[in-house]
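Structure file protein_22.tsv; described as TSV, C-alpha atoms and all ligand atoms.
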chain	number	residue	atom	x	y	z
A	1	MET	CA	-25.06	8.96	5.55
A	2	ILE	CA	-22.99	8.38	2.44
A	3	SER	CA	-19.44	9.27	1.51
A	4	THR	CA	-17.04	8.40	-1.30
A	5	CYS	CA	-13.29	8.61	-1.07
A	6	GLU	CA	-10.46	7.97	-3.50
A	7	ALA	CA	-7.13	6.88	-2.01
A	8	THR	CA	-3.94	5.64	-3.67
A	9	ALA	CA	-1.38	2.91	-3.02
A	10	ASN	CA	1.98	3.64	-1.45
A	11	ILE	CA	5.33	2.07	-2.20
A	12	ALA	CA	7.63	1.62	0.78
A	13	VAL	CA	11.37	2.30	0.74
A	14	VAL	CA	11.81	0.96	4.28
A	15	LYS	CA	9.49	-2.00	4.43
A	16	TYR	CA	6.98	-3.34	6.95
A	17	TRP	CA	7.42	-7.08	7.24
A	18	GLY	CA	6.46	-8.38	10.67
A	19	LYS	CA	3.90	-7.74	13.39
A	20	ARG	CA	4.17	-7.51	17.17
A	21	ASP	CA	0.37	-7.78	17.48
A	22	GLU	CA	-1.66	-9.70	14.89
A	23	LYS	CA	-5.09	-8.43	15.91
A	24	LEU	CA	-4.35	-4.74	16.25
A	25	ILE	CA	-1.88	-4.88	13.33
A	26	LEU	CA	1.11	-3.41	15.14
A	27	PRO	CA	4.44	-3.64	13.32
A	28	THR	CA	7.85	-4.66	14.66
A	29	ASN	CA	9.52	-1.70	12.91
A	30	SER	CA	8.79	1.75	11.56
A	31	SER	CA	8.49	2.01	7.77
A	32	LEU	CA	8.75	4.77	5.14
A	33	SER	CA	6.89	5.18	1.86
A	34	PHE	CA	5.79	7.52	-0.87
A	35	THR	CA	2.08	7.71	-1.64
A	36	MET	CA	1.48	7.28	-5.38
A	37	ASP	CA	-0.58	9.33	-7.82
A	38	ASP	CA	-4.07	8.62	-9.17
A	39	GLN	CA	-2.92	5.87	-11.48
A	40	LEU	CA	-2.97	3.55	-8.47
A	41	LYS	CA	-6.22	4.64	-6.90
A	42	THR	CA	-9.21	2.92	-5.35
A	43	ARG	CA	-12.61	4.56	-5.12
A	44	THR	CA	-14.80	3.48	-2.21
A	45	THR	CA	-18.34	4.48	-1.26
A	46	VAL	CA	-19.75	3.73	2.19
A	47	MET	CA	-23.41	4.18	3.11
A	48	PHE	CA	-24.98	3.56	6.52
A	49	SER	CA	-28.74	3.03	6.59
A	50	ASP	CA	-31.35	1.55	8.92
A	51	LYS	CA	-32.82	-0.08	5.78
A	52	PHE	CA	-29.83	-2.44	5.59
A	53	LYS	CA	-30.20	-5.75	7.44
A	54	GLU	CA	-26.51	-6.65	7.34
A	55	ASP	CA	-23.16	-5.23	6.26
A	56	GLU	CA	-22.30	-5.80	2.61
A	57	PHE	CA	-18.94	-5.36	0.88
A	58	TRP	CA	-18.78	-5.17	-2.92
A	59	LEU	CA	-15.33	-5.15	-4.52
A	60	ASN	CA	-14.89	-4.58	-8.27
A	61	GLY	CA	-18.60	-5.29	-8.72
A	62	GLN	CA	-18.53	-8.61	-6.86
A	63	LYS	CA	-20.15	-9.23	-3.50
A	64	MET	CA	-17.53	-10.38	-0.99
A	65	ASP	CA	-18.20	-13.15	1.49
A	66	LEU	CA	-18.16	-11.56	4.95
A	67	SER	CA	-18.28	-14.98	6.60
A	68	ASP	CA	-14.71	-15.38	5.30
A	69	LYS	CA	-12.47	-14.72	8.32
A	70	ASP	CA	-9.85	-12.66	6.51
A	71	THR	CA	-12.40	-10.36	4.85
A	72	ALA	CA	-14.45	-10.01	8.05
A	73	GLU	CA	-11.33	-9.10	10.07
A	74	ARG	CA	-10.57	-6.32	7.65
A	75	VAL	CA	-14.01	-4.72	7.70
A	76	VAL	CA	-13.72	-4.45	11.49
A	77	GLN	CA	-13.27	-0.79	10.53
A	78	LEU	CA	-17.07	-0.54	10.24
A	79	ASP	CA	-17.58	-1.63	13.87
A	80	LEU	CA	-14.87	0.76	15.06
A	81	VAL	CA	-16.56	3.64	13.22
A	82	ARG	CA	-20.03	2.73	14.56
A	83	GLU	CA	-18.67	2.58	18.09
A	84	LYS	CA	-16.97	5.99	17.79
A	85	ALA	CA	-20.00	7.63	16.17
A	86	GLY	CA	-22.54	5.97	18.49
A	87	ILE	CA	-24.61	4.57	15.61
A	88	LYS	CA	-26.02	1.11	14.98
A	89	GLU	CA	-26.91	1.22	11.26
A	90	LYS	CA	-25.53	-1.46	8.97
A	91	ALA	CA	-23.36	-0.42	6.05
A	92	LYS	CA	-22.88	-1.09	2.38
A	93	ILE	CA	-19.41	-0.69	0.92
A	94	SER	CA	-18.76	-0.51	-2.81
A	95	SER	CA	-15.14	-0.30	-3.87
A	96	ILE	CA	-13.32	-0.42	-7.19
A	97	ASN	CA	-9.63	-0.54	-8.00
A	98	CYS	CA	-9.04	2.07	-10.68
A	99	PHE	CA	-5.86	0.64	-12.09
A	100	PRO	CA	-5.26	-2.16	-14.51
A	101	THR	CA	-6.06	-5.34	-12.60
A	102	ALA	CA	-3.48	-6.99	-14.82
A	103	ALA	CA	-0.86	-4.85	-13.11
A	104	GLY	CA	-0.90	-7.12	-10.09
A	105	MET	CA	-0.38	-4.14	-7.80
A	106	ALA	CA	-1.00	-4.48	-4.09
A	107	SER	CA	-4.35	-2.78	-3.67
A	108	SER	CA	-5.03	-3.30	0.02
A	109	ALA	CA	-3.26	-0.08	1.07
A	110	ALA	CA	-5.38	2.08	-1.24
A	111	GLY	CA	-8.55	0.13	-0.49
A	112	PHE	CA	-8.42	0.20	3.29
A	113	ALA	CA	-7.28	3.84	3.41
A	114	ALA	CA	-10.26	4.79	1.23
A	115	LEU	CA	-12.55	2.69	3.44
A	116	ALA	CA	-11.35	4.40	6.63
A	117	CYS	CA	-11.93	7.85	5.13
A	118	ALA	CA	-15.32	7.08	3.54
A	119	ALA	CA	-16.72	5.09	6.49
A	120	SER	CA	-15.79	7.69	9.10
A	121	LYS	CA	-17.18	10.57	7.02
A	122	ALA	CA	-20.41	8.67	6.20
A	123	ALA	CA	-20.90	8.13	9.94
A	124	GLY	CA	-20.56	11.86	10.56
A	125	LEU	CA	-17.12	11.69	12.17
A	126	GLU	CA	-14.44	14.32	11.52
A	127	LEU	CA	-11.25	12.36	12.17
A	128	ASN	CA	-7.78	13.89	12.03
A	129	GLY	CA	-4.86	12.30	10.16
A	130	LYS	CA	-3.67	10.32	13.18
A	131	GLU	CA	-7.14	8.90	13.89
A	132	LEU	CA	-7.69	8.01	10.22
A	133	SER	CA	-4.30	6.31	10.08
A	134	ILE	CA	-5.06	4.19	13.16
A	135	LEU	CA	-8.43	3.23	11.68
A	136	ALA	CA	-6.95	2.35	8.26
A	137	ARG	CA	-4.24	0.26	9.98
A	138	ARG	CA	-6.89	-2.13	11.28
A	139	GLY	CA	-7.84	-3.03	7.68
A	140	SER	CA	-4.28	-3.50	6.47
A	141	GLY	CA	-1.02	-2.30	8.00
A	142	SER	CA	0.29	-0.56	4.90
A	143	ALA	CA	-3.06	1.29	4.51
A	144	CYS	CA	-2.19	3.49	7.49
A	145	ARG	CA	0.47	5.15	5.29
A	146	SER	CA	-1.98	5.84	2.42
A	147	VAL	CA	-4.21	8.24	4.40
A	148	MET	CA	-1.52	10.88	3.74
A	149	GLY	CA	0.18	12.09	0.58
A	150	GLY	CA	3.87	12.65	-0.05
A	151	PHE	CA	6.63	11.05	2.03
A	152	VAL	CA	5.20	9.22	5.02
A	153	GLU	CA	6.49	7.34	8.06
A	154	TRP	CA	4.47	4.69	9.88
A	155	GLN	CA	5.83	5.05	13.38
A	156	ALA	CA	5.83	1.58	14.90
A	157	GLY	CA	5.06	2.79	18.43
A	158	THR	CA	5.59	0.77	21.60
A	159	LYS	CA	2.19	0.81	23.34
A	160	SER	CA	0.21	-2.42	23.50
A	161	ASP	CA	-3.07	-0.70	22.58
A	162	GLY	CA	-1.61	0.67	19.32
A	163	SER	CA	-2.45	4.28	20.18
A	164	ASP	CA	1.07	5.40	19.15
A	165	SER	CA	1.28	3.31	15.96
A	166	TYR	CA	0.24	5.56	13.08
A	167	ALA	CA	1.58	7.45	10.08
A	168	VAL	CA	2.97	10.97	9.95
A	169	GLN	CA	3.80	12.97	6.84
A	170	HIS	CA	7.40	14.21	6.63
A	171	ALA	CA	7.05	15.97	3.27
A	172	SER	CA	4.15	16.70	0.94
A	173	GLU	CA	3.92	15.62	-2.70
A	174	THR	CA	5.53	18.92	-3.76
A	175	HIS	CA	8.80	18.30	-1.86
A	176	TRP	CA	10.56	16.29	-4.59
A	177	PRO	CA	8.59	17.01	-7.79
A	178	GLU	CA	11.11	15.30	-10.07
A	179	LEU	CA	10.78	11.94	-8.31
A	180	ARG	CA	9.15	9.16	-10.32
A	181	ASN	CA	8.28	5.53	-9.68
A	182	ILE	CA	8.48	3.38	-12.79
A	183	ILE	CA	6.52	0.20	-12.22
A	184	ALA	CA	7.58	-2.77	-14.34
A	185	VAL	CA	4.93	-5.48	-14.36
A	186	VAL	CA	6.36	-8.94	-14.95
A	187	ASP	CA	3.61	-11.06	-13.43
A	188	ALA	CA	0.04	-10.15	-12.60
A	189	LYS	CA	-1.02	-13.38	-10.94
A	190	LYS	CA	-2.21	-13.50	-7.34
A	191	LYS	CA	0.70	-14.34	-5.05
A	192	LYS	CA	0.90	-17.82	-3.53
A	193	VAL	CA	1.73	-16.66	0.01
A	194	SER	CA	-0.19	-13.65	1.33
A	195	SER	CA	1.79	-10.88	3.01
A	196	ARG	CA	-0.11	-11.52	6.21
A	197	ALA	CA	0.79	-15.21	6.37
A	198	GLY	CA	4.31	-14.69	5.03
A	199	MET	CA	5.39	-12.05	7.53
A	200	LYS	CA	4.04	-14.10	10.43
A	201	GLN	CA	6.15	-17.05	9.32
A	202	THR	CA	9.23	-14.83	8.96
A	203	VAL	CA	8.93	-13.46	12.52
A	204	ALA	CA	8.49	-17.00	13.84
A	205	THR	CA	11.34	-18.71	11.99
A	206	SER	CA	13.98	-16.41	10.49
A	207	PRO	CA	17.24	-15.93	12.44
A	208	LEU	CA	18.28	-13.17	9.99
A	209	TYR	CA	15.14	-11.24	10.89
A	210	LYS	CA	16.63	-10.46	14.32
A	211	ALA	CA	19.62	-8.80	12.68
A	212	ARG	CA	17.25	-6.85	10.42
A	213	MET	CA	15.43	-5.48	13.46
A	214	GLU	CA	18.72	-4.24	14.91
A	215	TYR	CA	19.79	-2.41	11.80
A	216	LEU	CA	16.46	-0.89	10.70
A	217	PRO	CA	16.16	2.04	13.19
A	218	LYS	CA	19.35	3.61	11.82
A	219	LEU	CA	18.25	2.93	8.24
A	220	VAL	CA	14.96	4.75	8.88
A	221	GLU	CA	16.89	7.82	10.05
A	222	ASP	CA	19.38	7.63	7.15
A	223	MET	CA	16.55	7.26	4.62
A	224	LYS	CA	14.68	10.24	6.05
A	225	LYS	CA	17.83	12.38	5.79
A	226	ALA	CA	18.43	11.31	2.17
A	227	VAL	CA	14.83	12.08	1.14
A	228	MET	CA	14.64	15.39	2.96
A	229	ALA	CA	17.96	16.44	1.33
A	230	LYS	CA	16.74	15.08	-2.05
A	231	ASP	CA	20.03	13.16	-2.23
A	232	PHE	CA	19.01	10.71	-4.97
A	233	VAL	CA	22.27	8.73	-5.02
A	234	ARG	CA	22.10	7.95	-1.31
A	235	PHE	CA	18.32	7.38	-1.44
A	236	ALA	CA	18.61	4.92	-4.34
A	237	GLU	CA	21.37	2.87	-2.73
A	238	LEU	CA	19.54	2.65	0.60
A	239	THR	CA	16.30	1.71	-1.20
A	240	MET	CA	17.87	-1.10	-3.22
A	241	ARG	CA	19.75	-2.51	-0.23
A	242	GLU	CA	16.64	-2.41	1.95
A	243	SER	CA	14.60	-4.24	-0.69
A	244	SER	CA	17.25	-6.97	-0.81
A	245	ASP	CA	17.35	-7.17	2.97
A	246	MET	CA	13.60	-7.80	3.18
A	247	HIS	CA	13.77	-10.42	0.43
A	248	ALA	CA	16.72	-12.04	2.23
A	249	VAL	CA	14.68	-12.56	5.40
A	250	MET	CA	11.83	-13.89	3.27
A	251	LEU	CA	14.21	-16.49	1.84
A	252	ASP	CA	15.57	-17.17	5.34
A	253	THR	CA	12.01	-17.98	6.49
A	254	TRP	CA	11.11	-21.64	6.93
A	255	PRO	CA	9.60	-22.89	4.72
A	256	PRO	CA	11.27	-20.31	2.45
A	257	ILE	CA	9.23	-17.56	0.81
A	258	THR	CA	10.26	-16.28	-2.62
A	259	TYR	CA	8.42	-13.50	-4.37
A	260	LEU	CA	11.06	-12.46	-6.91
A	261	ASN	CA	11.25	-14.30	-10.22
A	262	ASP	CA	13.93	-14.44	-12.92
A	263	TRP	CA	12.57	-11.29	-14.57
A	264	SER	CA	12.80	-9.41	-11.26
A	265	LYS	CA	16.46	-10.40	-11.05
A	266	GLU	CA	17.06	-9.32	-14.66
A	267	ILE	CA	15.61	-5.91	-13.76
A	268	MET	CA	17.86	-5.67	-10.70
A	269	HIS	CA	20.93	-6.42	-12.81
A	270	GLY	CA	19.75	-4.08	-15.57
A	271	ALA	CA	19.44	-1.25	-13.06
A	272	ILE	CA	22.82	-1.96	-11.46
A	273	GLU	CA	24.45	-1.89	-14.90
A	274	LEU	CA	22.60	1.31	-15.84
A	275	ASN	CA	23.65	2.92	-12.57
A	276	GLY	CA	27.39	2.36	-12.73
A	277	ALA	CA	29.02	4.26	-9.86
A	278	THR	CA	26.29	6.91	-9.57
A	279	PRO	CA	22.76	5.51	-9.21
A	280	ILE	CA	19.98	6.99	-11.33
A	281	ALA	CA	17.55	4.12	-10.65
A	282	GLY	CA	16.66	2.67	-7.25
A	283	TYR	CA	14.52	-0.45	-7.44
A	284	THR	CA	12.39	-1.93	-4.71
A	285	PHE	CA	10.22	-5.05	-4.72
A	286	ASP	CA	7.23	-5.73	-2.47
A	287	ALA	CA	5.67	-9.11	-1.79
A	288	GLY	CA	5.68	-9.89	-5.51
A	289	PRO	CA	7.96	-9.94	-8.55
A	290	ASN	CA	7.00	-6.55	-10.05
A	291	ALA	CA	9.65	-3.84	-9.84
A	292	HIS	CA	9.13	-0.33	-8.52
A	293	ILE	CA	12.00	1.76	-9.80
A	294	TYR	CA	12.43	5.15	-8.20
A	295	THR	CA	14.16	7.59	-10.51
A	296	THR	CA	14.03	11.28	-11.41
A	297	LYS	CA	12.28	12.97	-14.33
A	298	GLN	CA	15.43	13.40	-16.43
A	299	ASN	CA	16.27	9.69	-16.20
A	300	VAL	CA	12.83	8.23	-16.95
A	301	GLY	CA	13.82	7.64	-20.59
A	302	ALA	CA	16.96	5.69	-19.64
A	303	VAL	CA	15.05	3.52	-17.16
A	304	LYS	CA	12.29	2.79	-19.69
A	305	LYS	CA	14.88	1.89	-22.32
A	306	MET	CA	16.55	-0.54	-19.93
A	307	LEU	CA	13.14	-2.12	-19.21
A	308	SER	CA	12.24	-2.33	-22.90
A	309	GLU	CA	15.19	-4.68	-23.37
A	310	ILE	CA	13.86	-7.15	-20.80
A	311	GLU	CA	11.52	-9.63	-22.45
A	312	GLY	CA	9.46	-10.43	-19.34
A	313	VAL	CA	8.31	-6.84	-18.76
A	314	ASN	CA	4.64	-6.79	-19.81
A	315	LYS	CA	3.70	-3.29	-18.81
A	316	VAL	CA	5.32	-0.09	-17.56
A	317	ILE	CA	3.49	2.52	-15.45
A	318	GLU	CA	5.11	5.87	-14.67
A	319	CYS	CA	3.87	7.29	-11.37
A	320	LYS	CA	4.49	10.55	-9.56
A	321	VAL	CA	4.17	11.10	-5.84
A	322	GLY	CA	0.52	11.68	-4.93
A	323	ALA	CA	-1.35	14.06	-2.63
A	324	GLY	CA	-3.29	11.45	-0.65
A	325	PRO	CA	-7.01	10.73	-0.29
A	326	ARG	CA	-9.77	13.01	-1.49
A	327	TYR	CA	-13.54	12.95	-1.18
A	328	VAL	CA	-15.60	12.93	-4.38
A	329	ASP	CA	-19.32	13.07	-5.19
A	330	ASP	CA	-19.31	10.23	-7.71
A	331	HIS	CA	-20.87	7.65	-5.43
A	332	LEU	CA	-20.94	3.95	-6.31
A	333	ILE	CA	-24.23	3.45	-4.39
A	334	ASP	CA	-27.48	5.28	-5.22
A	335	GLU	CA	-29.80	7.14	-2.83
A	336	ASP	CA	-31.86	4.00	-2.28
A	337	GLY	CA	-28.82	2.02	-1.24
A	338	VAL	CA	-28.54	0.10	-4.52
A	339	ILE	CA	-25.06	-0.60	-5.89
A	340	ILE	CA	-24.61	1.33	-9.15
A	341	PRO	CA	-23.23	-1.10	-11.75
A	342	HIS	CA	-19.80	0.09	-12.81
A	343	GLU	CA	-16.47	-1.09	-14.12
A	344	PHE	CA	-12.98	0.27	-14.62
A	345	ILE	CA	-11.86	0.50	-18.26
A	346	GLU	CA	-8.26	1.34	-19.00
A	347	GLY	CA	-8.00	4.70	-20.69
A	348	LYS	CA	-11.59	5.61	-19.76
A	349	GLY	CA	-11.63	5.32	-15.96
A	350	ILE	CA	-14.75	4.28	-14.04
A	351	VAL	CA	-17.64	3.67	-16.39
A	352	VAL	CA	-21.19	3.42	-15.04
A	353	LYS	CA	-23.02	0.61	-16.84
A	401	LIG	C1	5.21	-2.59	2.82
A	401	LIG	N1	4.29	-4.89	2.39
A	401	LIG	O1	5.81	-1.97	3.70
A	401	LIG	C2	5.43	-4.09	2.77
A	401	LIG	C3	6.49	-4.48	1.81
A	401	LIG	C4	4.66	-5.94	1.48
A	401	LIG	C5	6.12	-5.86	1.33
A	401	LIG	O2	2.87	-3.84	3.73
A	401	LIG	O3	-1.27	-8.06	7.17
A	401	LIG	O4	-0.95	-6.01	3.08
A	401	LIG	O5	-2.72	-6.42	5.97
A	401	LIG	O6	-1.00	-5.62	7.59
A	401	LIG	O7	-0.14	-4.24	4.69
A	401	LIG	C6	2.03	-5.74	2.71
A	401	LIG	O8	1.41	-6.04	3.89
A	401	LIG	O9	-0.29	-6.65	5.41
A	401	LIG	C7	3.09	-4.77	2.99
A	401	LIG	P1	-1.38	-6.68	6.58
A	401	LIG	P2	-0.09	-5.64	4.23
A	401	LIG	O10	4.51	-2.02	1.95
Now, as a test, write the supplied structure out as structure tokens.
Amino acid sequence: MISTCEATANIAVVKYWGKRDEKLILPTNSSLSFTMDDQLKTRTTVMFSDKFKEDEFWLNGQKMDLSDKDTAERVVQLDLVREKAGIKEKAKISSINCFPTAAGMASSAAGFAALACAASKAAGLELNGKELSILARRGSGSACRSVMGGFVEWQAGTKSDGSDSYAVQHASETHWPELRNIIAVVDAKKKKVSSRAGMKQTVATSPLYKARMEYLPKLVEDMKKAVMAKDFVRFAELTMRESSDMHAVMLDTWPPITYLNDWSKEIMHGAIELNGATPIAGYTFDAGPNAHIYTTKQNVGAVKKMLSEIEGVNKVIECKVGAGPRYVDDHLIDEDGVIIPHEFIEGKGIVVK
């Protein structure tokens, strides 16, 4: 009863920032993202065994405290899997983020997508994409988009039980092979306000958020059309404007939430200048100051040059669109249920100690 899955992060172009149900993690709007390639992957092994006395969760080689409410809420996935599979065994989870920790990338999407896939398979379940997405959503909202590759929509749904709130794939990773995401790391520190707390505060206090909710359904449709037509100019403009809209409602929150720093703003202006009248670079920022610049293969050099002139850019990662989760045999737990000591080393990958 063991399974290991590798899943990757996704970067949204229409963002999720607000819940209609905190417990079931149901969003107030549909969102759209591209799943990234292996450079932003998490590997997770799950093992169920009657030898285990309690659930254990090891992340990057450290044992997590499951009496911590936030962590415990997220591993509710284990209970959901046990219930579905009709098993009672406790589980061990060992998970490692296989990208530079200094990159400060949001890892919860990759992590909880990998957990949903590995836990369900280890329990003997054969879940389809919809069921995996619903399961991943309970760990972290954005994780429901990472159970699929390519261009993905998390359909918000309207039902109170969340049964219609899951991700669907609109195009695979081969649809737009020239598309790139250039990640510019300007700060790798842990953010002061978590996404979970921040979005709750926005829904409760921001008057601008109501206007955002009215305009997003049309944006979702416009963005889908632009991506399906591979209309980069339209896609880039919509992406940049949507990023600003989300950061505007963050600032409109009380007390205000700011994730962008001066370097983020320099990158925005650098891209606008580079673009002129015909965009070749479409930036988007998540709940942090690091830039994700969508561009196409032929313009990667120009985007990197622009970034090289900005002093605060510490690291640049060039990602392609990824194919989604895959199961591997390189488990992080041995047959006896012992965590195999391991670490991620840049340039080498996962190294067993
Ligand atoms: C997104 N973000 O759509 C947006 C853009 C951050 C900014 O999804 O509370 O970690 O676990 O559901 O998924 C980050 O929020 O929050 C996020 P929870 P999550 O990618």
Residue neighbourhood Thr71 (chain A), 10 Å, all atoms listed in the file, exclusion window fewer than 5 positions, as an mmCIF file with C-alpha atoms, in the frame of the given file:
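So selection-v3.cif came out as:
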data_model
loop_
_atom_site.group_PDB
_atom_site.id
_atom_site.type_symbol
_atom_site.label_atom_id
_atom_site.label_comp_id
_atom_site.auth_asym_id
_atom_site.auth_seq_id
_atom_site.Cartn_x
_atom_site.Cartn_y
_atom_site.Cartn_z
ATOM 1 C CA PHE A 57 -18.940 -5.360 0.880
ATOM 2 C CA MET A 64 -17.530 -10.380 -0.990
ATOM 3 C CA ASP A 65 -18.200 -13.150 1.490
ATOM 4 C CA LEU A 66 -18.160 -11.560 4.950
ATOM 5 C CA VAL A 76 -13.720 -4.450 11.490
ATOM 6 C CA GLY A 139 -7.840 -3.030 7.680
#
Exercise. Quick one: residues within 10 Å of Thr278 (chain A), all atoms listed in the file counted, chain neighbours fewer than 4 positions away excluded, as a list in words?
Worked result: Phe232, Val233, Arg234, Ala236, Glu237, Ile272 and Leu274 of chain A
For this session: Please identify every polymer residue within 6 Å of ligand LIG 401 (chain A), using all atoms listed in the file, and present the set as a PyMOL selection string.
Result: chain A and resi 11-12+15-17+25+108+140-142+195-196+286-287
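Using only C-alpha atoms for every distance, the candidate list A:Val321, A:Ser194, A:Val186, A:Gly337 yields A:Val186 as the residue closest to Asp262 (chain A).
Taking CA of Tyr294 (chain A) and CA of Gly282 (chain A) as endpoints, the distance between them is 5.0 Å.
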